[in-house]
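*Asks:* Dropping in start-v2.cif, with mmCIF, C-alpha atoms.
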data_start
loop_
_atom_site.label_atom_id
_atom_site.label_comp_id
_atom_site.auth_asym_id
_atom_site.auth_seq_id
_atom_site.Cartn_x
_atom_site.Cartn_y
_atom_site.Cartn_z
CA MET A 850 149.14 -21.00 97.16
CA GLN A 851 152.01 -18.68 97.85
CA LYS A 852 155.33 -20.23 96.93
CA GLN A 853 158.02 -20.64 99.57
CA LEU A 854 160.16 -17.61 100.09
CA ASN A 855 163.75 -17.70 98.96
CA HIS A 856 165.98 -17.66 102.04
CA SER A 857 169.07 -16.63 100.10
CA PRO A 858 170.09 -12.97 100.44
CA SER A 859 167.51 -10.77 98.75
CA LYS A 860 168.45 -9.05 95.53
CA LYS A 861 168.34 -5.30 95.91
CA LEU A 862 167.54 -2.39 93.67
CA SER A 863 168.79 1.16 93.71
CA ILE A 864 166.60 4.11 92.81
CA LYS A 865 167.84 7.43 91.55
CA GLU A 866 165.06 10.02 91.61
CA SER A 867 165.38 12.68 88.94
CA GLU A 868 162.64 15.01 90.15
CA SER A 869 160.58 15.21 93.34
CA GLY A 870 156.84 14.82 93.10
CA LYS A 871 155.93 18.08 94.81
CA GLU A 872 153.33 18.92 92.13
CA GLY A 873 151.79 15.47 92.37
CA ILE A 874 153.53 14.42 89.16
CA GLU A 875 156.98 12.86 89.09
CA VAL A 876 159.53 11.61 86.58
CA ALA A 877 162.24 9.25 87.83
CA ARG A 878 165.02 7.23 86.21
CA ILE A 879 165.59 3.86 87.83
CA ASN A 880 168.60 1.62 87.28
CA GLN A 881 169.89 -1.61 88.74
CA VAL A 882 172.87 -0.60 90.81
CA ASN A 883 173.47 -1.53 94.43
CA ALA A 884 171.11 -1.90 97.39
CA ASP A 885 168.02 0.00 98.39
CA VAL A 886 164.74 -1.75 97.51
CA SER A 887 164.20 -5.47 98.10
CA CYS A 888 162.95 -8.01 95.60
CA ASN A 889 160.52 -10.73 96.68
CA GLN A 890 158.66 -8.33 98.94
CA PRO A 891 155.13 -7.07 98.14
CA PHE A 892 154.49 -3.34 98.09
CA ARG A 893 151.50 -1.12 97.33
CA ALA A 894 151.56 1.57 94.67
CA THR A 895 150.12 4.90 95.77
CA SER A 896 149.74 6.64 92.39
CA TYR A 897 148.69 6.21 88.80
CA GLY A 898 151.58 5.90 86.40
CA PHE A 899 153.57 3.91 83.94
CA ILE A 900 157.12 2.76 83.41
CA LEU A 901 158.95 2.79 80.10
CA MET A 902 161.55 0.04 79.90
CA LEU A 903 164.86 1.17 78.41
CA LYS A 904 166.80 -2.08 78.74
CA GLY A 905 167.03 -5.38 80.61
CA LYS A 906 164.24 -7.50 82.07
CA ILE A 907 162.09 -7.39 85.22
CA SER A 908 159.72 -10.09 86.42
CA VAL A 909 156.76 -8.50 88.23
CA LYS A 910 153.94 -10.23 90.07
CA THR A 911 150.54 -8.52 89.98
CA SER A 912 147.27 -9.57 91.60
CA VAL A 913 146.22 -11.40 88.43
CA ARG A 914 149.35 -12.57 86.64
CA ASN A 915 153.12 -12.40 86.39
CA GLU A 916 154.58 -10.06 83.77
CA ILE A 917 158.02 -10.04 82.14
CA LEU A 918 159.00 -6.46 81.32
CA LYS A 919 161.65 -5.87 78.68
CA GLU A 920 163.03 -3.13 76.44
CA ARG A 921 160.31 -0.94 74.83
CA ASP A 922 157.58 -2.30 77.10
CA LEU A 923 155.12 0.05 78.78
CA PHE A 924 153.77 -1.11 82.14
CA PHE A 925 150.82 0.64 83.78
CA ILE A 926 150.60 1.21 87.52
CA PHE A 927 147.39 1.67 89.51
CA PRO A 928 146.97 3.13 93.00
CA ASP A 929 146.34 0.69 95.85
CA SER A 930 147.42 -2.25 93.68
CA VAL A 931 149.98 -4.64 95.17
CA TYR A 932 153.07 -5.61 93.18
CA GLU A 933 156.12 -7.76 93.82
CA VAL A 934 159.39 -7.80 91.89
CA LEU A 935 160.40 -11.44 91.56
CA ASP A 936 163.59 -11.22 89.54
CA HIS A 937 165.52 -8.93 87.21
CA THR A 938 168.51 -8.67 84.92
CA ASP A 939 170.53 -5.56 84.09
CA PHE A 940 167.70 -3.06 83.65
CA SER A 941 166.90 0.60 83.31
CA PHE A 942 163.56 2.37 83.01
CA ILE A 943 161.88 5.74 83.35
CA LYS A 944 158.69 6.09 85.35
CA ILE A 945 156.03 8.75 85.53
CA THR A 946 153.74 8.71 88.55
CA VAL A 947 150.71 10.94 89.04
CA SER A 948 148.84 11.30 92.32
CA LYS A 949 145.07 11.02 92.57
CA ASP A 950 145.00 14.60 93.88
CA TYR A 951 146.81 15.91 90.82
CA LEU A 952 144.32 14.28 88.46
CA SER A 953 141.32 15.59 90.38
CA LYS A 954 142.88 19.06 90.71
CA GLU A 955 143.53 19.30 86.98
CA GLY A 956 139.95 19.07 85.74
CA LEU A 957 141.09 19.18 82.12
CA PHE A 958 142.57 15.72 82.60
CA LEU A 959 139.60 14.06 84.20
CA SER A 960 138.05 12.42 81.16
CA ALA A 961 141.42 11.36 79.82
CA ALA A 962 142.56 10.09 83.19
CA GLN A 963 139.46 7.94 83.43
CA GLN A 964 140.83 6.00 80.50
CA TYR A 965 143.40 4.53 82.89
CA THR A 966 140.57 2.60 84.51
CA ILE A 967 139.75 1.12 81.11
CA PHE A 968 143.27 -0.30 80.94
CA GLN A 969 142.75 -1.82 84.35
CA ALA A 970 139.24 -3.12 83.65
CA LYS A 971 140.48 -4.87 80.52
CA ALA A 972 143.35 -6.41 82.49
CA ILE A 973 145.88 -4.80 80.14
CA ASN A 974 148.93 -4.06 82.29
CA LYS A 975 151.46 -3.63 79.52
CA PHE A 976 152.07 -3.51 75.81
CA PHE A 977 155.10 -3.48 73.53
CA LEU A 978 155.90 -0.27 71.65
CA THR A 979 157.04 0.02 68.06
CA LYS A 980 160.31 1.87 67.54
CA ASP A 981 158.48 5.04 66.47
CA GLU A 982 156.10 4.90 69.45
CA TYR A 983 158.98 4.27 71.81
CA HIS A 984 161.01 7.24 70.55
CA ASP A 985 158.01 9.59 70.58
CA ILE A 986 157.02 8.71 74.14
CA TYR A 987 160.63 8.66 75.36
CA HIS A 988 161.33 12.17 74.04
CA ASN A 989 158.06 13.50 75.44
CA VAL A 990 158.90 12.04 78.86
CA ILE A 991 162.34 13.68 78.76
CA ALA A 992 160.65 16.97 77.82
CA LEU A 993 158.35 16.67 80.85
CA GLU A 994 161.34 15.90 83.06
CA LYS A 995 162.98 19.14 81.93
CA LYS A 996 159.79 21.16 82.47
CA LEU A 997 159.57 19.92 86.05
CA LYS A 998 162.89 21.71 86.64
CA ILE A 999 161.43 25.11 85.71
CA PRO A 1000 161.72 27.47 88.73
CA ASP A 1001 158.61 27.60 90.89
CA ASP A 1002 158.15 31.33 90.37
CA MET A 1003 158.15 31.10 86.57
CA PRO A 1004 154.82 32.32 85.09
CA PHE A 1005 152.61 29.57 83.61
CA ARG A 1006 154.84 26.85 85.02
CA SER A 1007 151.94 24.61 86.08
CA ASP A 1008 150.23 25.02 82.71
CA VAL A 1009 153.42 24.05 80.88
CA ILE A 1010 153.79 20.92 83.01
CA ARG A 1011 150.11 20.02 82.62
CA ASN A 1012 150.19 20.36 78.83
CA SER A 1013 153.39 18.34 78.59
CA PHE A 1014 151.81 15.55 80.63
CA ILE A 1015 148.57 15.47 78.66
CA GLU A 1016 150.55 15.09 75.44
CA ILE A 1017 152.14 11.95 76.86
CA LEU A 1018 148.79 10.69 78.10
CA TYR A 1019 147.17 10.98 74.69
CA ASP A 1020 150.18 9.33 73.06
CA LEU A 1021 149.61 6.37 75.37
CA LEU A 1022 145.89 6.23 74.64
CA LEU A 1023 146.50 6.37 70.90
CA SER A 1024 149.09 3.60 71.13
CA ASN A 1025 146.69 1.43 73.08
CA ASN A 1026 143.74 2.10 70.79
CA SER A 1027 145.79 1.01 67.77
CA ARG A 1028 146.17 -2.48 69.24
CA LYS A 1029 142.94 -4.20 68.35
CA ASP A 1030 144.51 -7.56 69.09
CA LEU A 1031 144.68 -6.60 72.78
CA GLU A 1032 140.96 -5.90 72.99
CA PRO A 1033 139.05 -8.62 74.82
CA PRO A 1034 135.83 -9.97 73.29
CA LYS A 1035 132.96 -7.50 73.68
CA ARG A 1036 130.80 -10.08 75.41
CA ASP A 1037 133.12 -12.45 77.26
CA SER A 1038 131.04 -13.63 80.20
CA LYS A 1039 133.95 -15.45 81.83
CA PHE A 1040 136.15 -12.38 81.70
CA GLU A 1041 133.38 -10.14 83.01
CA LEU A 1042 132.65 -12.53 85.90
CA THR A 1043 136.32 -12.71 86.81
CA THR A 1044 136.59 -8.92 86.75
CA ARG A 1045 133.58 -8.62 89.07
CA PHE A 1046 135.12 -11.20 91.40
CA LEU A 1047 138.43 -9.31 91.51
CA ASP A 1048 136.60 -6.06 92.23
CA LEU A 1049 134.77 -7.71 95.13
CA LEU A 1050 137.99 -9.31 96.35
CA SER A 1051 139.79 -5.96 96.47
CA GLU A 1052 136.90 -4.57 98.51
CA PHE A 1053 136.30 -7.42 100.99
CA PHE A 1054 139.51 -9.47 101.29
CA ARG A 1055 140.36 -8.00 104.70
CA THR A 1056 137.21 -9.48 106.19
CA GLU A 1057 136.12 -12.31 103.86
CA ARG A 1058 138.32 -15.25 102.89
CA GLN A 1059 135.73 -17.83 101.84
CA VAL A 1060 134.90 -18.50 98.19
CA ILE A 1061 131.25 -19.02 99.16
CA PHE A 1062 130.98 -15.35 100.19
CA TYR A 1063 132.07 -14.07 96.77
CA ALA A 1064 130.01 -16.69 94.94
CA GLY A 1065 126.96 -15.54 96.89
CA LYS A 1066 127.60 -11.92 95.92
CA LEU A 1067 127.73 -13.04 92.28
CA PHE A 1068 124.72 -15.38 92.55
CA ILE A 1069 126.63 -18.45 91.39
CA THR A 1070 128.02 -21.58 93.05
CA PRO A 1071 131.54 -21.60 94.54
CA ARG A 1072 132.50 -24.43 92.16
CA HIS A 1073 131.42 -22.45 89.08
CA LEU A 1074 133.22 -19.32 90.31
CA SER A 1075 136.49 -21.18 90.82
CA GLN A 1076 136.25 -22.89 87.43
CA VAL A 1077 135.62 -19.62 85.59
CA VAL A 1078 138.31 -17.69 87.47
CA LYS A 1079 140.87 -20.44 86.81
CA SER A 1080 140.05 -20.49 83.09
CA VAL A 1081 140.80 -16.74 82.92
CA THR A 1082 143.68 -16.32 85.39
CA GLY A 1083 145.14 -19.82 85.76
CA LYS A 1084 144.35 -19.73 89.48
CA THR A 1085 141.27 -20.73 91.44
CA ALA A 1086 139.22 -18.20 93.38
CA GLY A 1087 140.58 -19.66 96.63
CA GLU A 1088 144.18 -19.32 95.45
CA LEU A 1089 143.64 -15.66 94.52
CA ILE A 1090 142.02 -14.99 97.88
CA ASP A 1091 145.00 -16.53 99.68
CA GLU A 1092 147.47 -14.56 97.54
CA ILE A 1093 145.92 -11.16 98.18
CA VAL A 1094 145.48 -11.84 101.92
CA ILE A 1095 149.08 -13.06 102.27
CA GLY A 1096 150.33 -10.10 100.23
CA GLU A 1097 148.53 -7.68 102.54
CA ALA A 1098 149.79 -9.57 105.61
CA LYS A 1099 153.37 -9.26 104.37
CA ILE A 1100 152.99 -5.52 103.84
CA LEU A 1101 151.54 -5.04 107.33
CA LEU A 1102 154.18 -7.24 108.98
CA ALA A 1103 157.06 -5.55 107.16
CA ASN A 1104 155.70 -2.11 108.04
CA HIS A 1105 156.48 -2.83 111.73
CA SER A 1106 153.73 -0.46 112.90
CA LEU A 1107 151.65 -3.44 114.09
CA ASN A 1108 152.66 -6.53 116.00
CA VAL A 1109 151.50 -9.98 114.87
CA SER A 1110 148.30 -9.74 116.91
CA GLY A 1111 147.55 -6.36 115.39
CA VAL A 1112 148.00 -7.72 111.87
CA ALA A 1113 145.73 -10.66 112.67
CA GLU A 1114 143.08 -8.24 113.92
CA ALA A 1115 143.46 -5.96 110.89
CA LEU A 1116 142.79 -8.94 108.62
CA ASN A 1117 139.83 -10.14 110.69
CA PHE A 1118 141.37 -13.38 111.97
CA SER A 1119 139.77 -14.65 115.16
CA ASN A 1120 143.13 -14.78 116.92
CA SER A 1121 146.86 -14.58 116.24
CA SER A 1122 147.25 -18.36 116.48
CA PHE A 1123 144.82 -18.97 113.62
CA PHE A 1124 146.49 -16.21 111.60
CA GLY A 1125 149.90 -17.77 112.26
CA LYS A 1126 148.78 -21.17 110.97
CA TYR A 1127 147.24 -19.58 107.86
CA PHE A 1128 150.36 -17.51 107.15
CA LYS A 1129 152.76 -20.44 107.65
CA LYS A 1130 150.63 -22.73 105.47
CA ASN A 1131 150.97 -20.27 102.59
CA THR A 1132 154.60 -19.16 103.09
CA ASN A 1133 156.33 -21.86 105.18
CA LEU A 1134 157.30 -19.05 107.58
CA SER A 1135 155.72 -17.88 110.82
CA PRO A 1136 154.49 -14.25 110.90
CA SER A 1137 157.02 -13.38 113.61
CA VAL A 1138 159.95 -14.76 111.59
CA TYR A 1139 158.80 -12.89 108.49
CA ARG A 1140 158.40 -9.69 110.48
CA MET A 1141 161.89 -9.97 112.00
CA THR A 1142 163.58 -10.54 108.64
CA ASN A 1143 161.67 -8.03 106.52
CA ARG A 1144 161.09 -4.31 106.65
CA LEU A 1145 159.38 -2.17 104.03
CA PRO A 1146 161.88 -0.18 101.94
CA ARG A 1147 161.97 3.56 102.29
CA GLN A 1148 161.05 3.80 98.61
CA THR A 1149 158.86 1.44 96.63
CA PHE A 1150 159.84 0.21 93.20
CA PHE A 1151 156.88 1.94 91.57
#
Show the structure stored in the file as structure tokens.
*Replies:*
Amino acid sequence: MQKQLNHSPSKKLSIKESESGKEGIEVARINQVNADVSCNQPFRATSYGFILMLKGKISVKTSVRNEILKERDLFFIFPDSVYEVLDHTDFSFIKITVSKDYLSKEGLFLSAAQQYTIFQAKAINKFFLTKDEYHDIYHNVIALEKKLKIPDDMPFRSDVIRNSFIEILYDLLLSNNSRKDLEPPKRDSKFELTTRFLDLLSEFFRTERQVIFYAGKLFITPRHLSQVVKSVTGKTAGELIDEIVIGEAKILLANHSLNVSGVAEALNFSNSSFFGKYFKKNTNLSPSVYRMTNRLPRQTFF
């Protein structure tokens, strides 16, 4: 169940973008400064990418678990995934984001880019870098940042940027492949079942909120599904369903493009009253109160 929202003034984050993402690839330096992006507010990533922590700590909620990011951590980002920054202390990181269009346009990257889905399928969101790995990746990221500043009319500019990015990508894949301790068991039936459930949940959560629906799709009982999912994630299937539905509801409410009735309809609730009861049960706030006190930031954290 979603924990009660903190009614104290939201902590804020400030983002300083180092380069625009006009090519579909972007490098940005992000530091804790003043006010721009809210904590304790779900948001959806739109690109593939990763962040390299330089200092400090950030507590991030994902659809499966909470992560504590600290110095020399790499954290992978996936498009359409929902994240929420819960807390932070004096931090700084560099992020690289890559649009889906960029990856599909650059055919040379396709097979390598597909490896990102392996990270996601294995539920590996982050890993800690050795000092050598950290310095290698950091300097390669800085090199890419500089190449993105090359004038648009410079010959071979796109090739230079592409090659710089693929060098970073293969560094990441090599770092991950060297960590055998992070590999899940080859035949872990509980893990595989949970992964299939999460895939189904991401596809159907807007219309299906009953555990029995997902259990039926997986040809098992609702009780068995919840037991397996809890053993892997620490949460029951029902709790994960509620979390992803509430997270989506918060995004839609804070977007202010839909009223409460529109959000209820988008999430396939029979009426706004039923949606209101469901939302308040999970957040201790009514949808209208949440909508009035929250608005999506102009820039997302990732």
*Asks:* Let me know the residues the PyMOL selection byres ((chain A and resi 912-924) around 8) catches in the file above, as a PyMOL selection string.
*Replies:* chain A and resi 899-911+925-926+930-932+974-980+983+1082+1089+1092-1093
*Asks:* Taking 4 positions as the minimum chain separation for residues in the same chain, which residues sit within 10 Å of A:Asn1120 when counting only C-alpha atoms? Answer as a ChimeraX atom specification.
*Replies:* /A:1109-1114,1124-1125
*Asks:* Go ahead and compute the interatomic distance for atom CA of A:Gln890 and atom CA of A:Glu994, in Å to one decimal.
*Replies:*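 About the pair atom CA of A:Gln890 and atom CA of A:Glu994: they are 29.1 Å apart.
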*Asks:* Could you check which of A:Lys1126, A:Lys1039, A:Arg878, A:Lys1066 is closest to A:Val990, using only C-alpha atoms?
*Replies:*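 Using only C-alpha atoms, the shortest distance to A:Val990 belongs to A:Arg878.
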*Asks:* Would you compute the distance between atom CA of A:Leu935 and atom CA of A:Lys1084? Give it in Å to one decimal.
*Replies:*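 These two atoms are separated by 18.2 Å.
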*Asks:* Which residues fall under the PyMOL selection byres ((chain A and resi 1064) around 12) in this file, as a ChimeraX atom specification?
*Replies:* /A:1042-1043,1045-1047,1049-1050,1057-1063,1065-1078,1086-1087
*Asks:* Between atom CA of A:Leu1022 and atom CA of A:Gly898, measure the distance and give it in Å to one decimal.
*Replies:* 13.1 Å
*Asks:* Between A:His984, A:Leu997, A:Asn889, A:Thr1132, which residue has the minimum interatomic distance to A:Glu875, considering only C-alpha atoms?
*Replies:* A:Leu997
*Asks:* Can you translate the PyMOL selection byres ((chain A and resi 894) around 12) into the concrete residues it hits in this file, as a PyMOL selection string?
*Replies:* chain A and resi 891-893+895-899+911+925-933+946-949+1100+1148-1151
*Asks:* Generate the output file for the selected residues, C-alpha atoms, as an mmCIF file, keeping the file's coordinate frame.
*Replies:*
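Below is the file again.cif, written as the result:
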data_model
loop_
_atom_site.group_PDB
_atom_site.id
_atom_site.type_symbol
_atom_site.label_atom_id
_atom_site.label_comp_id
_atom_site.auth_asym_id
_atom_site.auth_seq_id
_atom_site.Cartn_x
_atom_site.Cartn_y
_atom_site.Cartn_z
ATOM 1 C CA PRO A 891 155.130 -7.070 98.140
ATOM 2 C CA PHE A 892 154.490 -3.340 98.090
ATOM 3 C CA ARG A 893 151.500 -1.120 97.330
ATOM 4 C CA THR A 895 150.120 4.900 95.770
ATOM 5 C CA SER A 896 149.740 6.640 92.390
ATOM 6 C CA TYR A 897 148.690 6.210 88.800
ATOM 7 C CA GLY A 898 151.580 5.900 86.400
ATOM 8 C CA PHE A 899 153.570 3.910 83.940
ATOM 9 C CA THR A 911 150.540 -8.520 89.980
ATOM 10 C CA PHE A 925 150.820 0.640 83.780
ATOM 11 C CA ILE A 926 150.600 1.210 87.520
ATOM 12 C CA PHE A 927 147.390 1.670 89.510
ATOM 13 C CA PRO A 928 146.970 3.130 93.000
ATOM 14 C CA ASP A 929 146.340 0.690 95.850
ATOM 15 C CA SER A 930 147.420 -2.250 93.680
ATOM 16 C CA VAL A 931 149.980 -4.640 95.170
ATOM 17 C CA TYR A 932 153.070 -5.610 93.180
ATOM 18 C CA GLU A 933 156.120 -7.760 93.820
ATOM 19 C CA THR A 946 153.740 8.710 88.550
ATOM 20 C CA VAL A 947 150.710 10.940 89.040
ATOM 21 C CA SER A 948 148.840 11.300 92.320
ATOM 22 C CA LYS A 949 145.070 11.020 92.570
ATOM 23 C CA ILE A 1100 152.990 -5.520 103.840
ATOM 24 C CA GLN A 1148 161.050 3.800 98.610
ATOM 25 C CA THR A 1149 158.860 1.440 96.630
ATOM 26 C CA PHE A 1150 159.840 0.210 93.200
ATOM 27 C CA PHE A 1151 156.880 1.940 91.570
#
*Asks:* Find the residue from A:Val934, A:Leu1102, A:Ile1015, A:Ile986 that sits nearest to A:Ser1137; use all atoms listed in the file when measuring.
*Replies:*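 Among A:Val934, A:Leu1102, A:Ile1015, A:Ile986, it is A:Leu1102 that comes nearest to A:Ser1137.
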*Asks:* Could I get stretch 1056-1071 of chain A from the block written out with N, CA, C and O atoms, as a compact mmCIF listing (two decimals), in the first residue's frame?
*Replies:*
# COMPACT_ATOMS: atom_id res chain seq x y z
N THR A 1056 -6.24 -1.15 -17.09
CA THR A 1056 -7.59 -1.72 -17.21
C THR A 1056 -7.85 -2.86 -16.24
O THR A 1056 -9.01 -3.19 -15.98
N GLU A 1057 -6.79 -3.48 -15.69
CA GLU A 1057 -6.97 -4.65 -14.82
C GLU A 1057 -6.27 -4.44 -13.49
O GLU A 1057 -5.05 -4.26 -13.45
N ARG A 1058 -7.05 -4.49 -12.40
CA ARG A 1058 -6.48 -4.29 -11.07
C ARG A 1058 -6.67 -5.49 -10.13
O ARG A 1058 -6.34 -5.40 -8.96
N GLN A 1059 -7.14 -6.59 -10.66
CA GLN A 1059 -7.39 -7.77 -9.84
C GLN A 1059 -6.29 -8.80 -10.02
O GLN A 1059 -5.90 -9.11 -11.15
N VAL A 1060 -5.81 -9.34 -8.90
CA VAL A 1060 -4.75 -10.36 -8.96
C VAL A 1060 -5.21 -11.56 -9.77
O VAL A 1060 -4.42 -12.17 -10.50
N ILE A 1061 -6.50 -11.90 -9.69
CA ILE A 1061 -7.01 -13.08 -10.38
C ILE A 1061 -6.82 -12.98 -11.89
O ILE A 1061 -6.61 -14.00 -12.57
N PHE A 1062 -6.86 -11.76 -12.43
CA PHE A 1062 -6.65 -11.59 -13.87
C PHE A 1062 -5.23 -12.02 -14.26
O PHE A 1062 -5.04 -12.77 -15.22
N TYR A 1063 -4.24 -11.53 -13.52
CA TYR A 1063 -2.84 -11.84 -13.83
C TYR A 1063 -2.52 -13.30 -13.54
O TYR A 1063 -1.77 -13.94 -14.29
N ALA A 1064 -3.11 -13.84 -12.49
CA ALA A 1064 -2.91 -15.26 -12.17
C ALA A 1064 -3.47 -16.12 -13.31
O ALA A 1064 -2.85 -17.13 -13.70
N GLY A 1065 -4.62 -15.73 -13.84
CA GLY A 1065 -5.20 -16.47 -14.96
C GLY A 1065 -4.31 -16.45 -16.18
O GLY A 1065 -4.16 -17.46 -16.88
N LYS A 1066 -3.72 -15.29 -16.46
CA LYS A 1066 -2.81 -15.17 -17.60
C LYS A 1066 -1.59 -16.08 -17.44
O LYS A 1066 -1.00 -16.53 -18.43
N LEU A 1067 -1.21 -16.32 -16.18
CA LEU A 1067 -0.02 -17.12 -15.88
C LEU A 1067 -0.36 -18.57 -15.54
O LEU A 1067 0.52 -19.36 -15.22
N PHE A 1068 -1.65 -18.89 -15.57
CA PHE A 1068 -2.13 -20.25 -15.31
C PHE A 1068 -1.75 -20.78 -13.92
O PHE A 1068 -1.36 -21.93 -13.75
N ILE A 1069 -1.86 -19.88 -12.94
CA ILE A 1069 -1.62 -20.27 -11.54
C ILE A 1069 -2.70 -19.64 -10.68
O ILE A 1069 -3.50 -18.83 -11.16
N THR A 1070 -2.75 -19.99 -9.40
CA THR A 1070 -3.74 -19.42 -8.50
C THR A 1070 -3.29 -18.04 -8.02
O THR A 1070 -2.08 -17.77 -7.95
N PRO A 1071 -4.23 -17.16 -7.68
CA PRO A 1071 -3.86 -15.85 -7.14
C PRO A 1071 -2.99 -15.96 -5.89
O PRO A 1071 -2.06 -15.18 -5.70
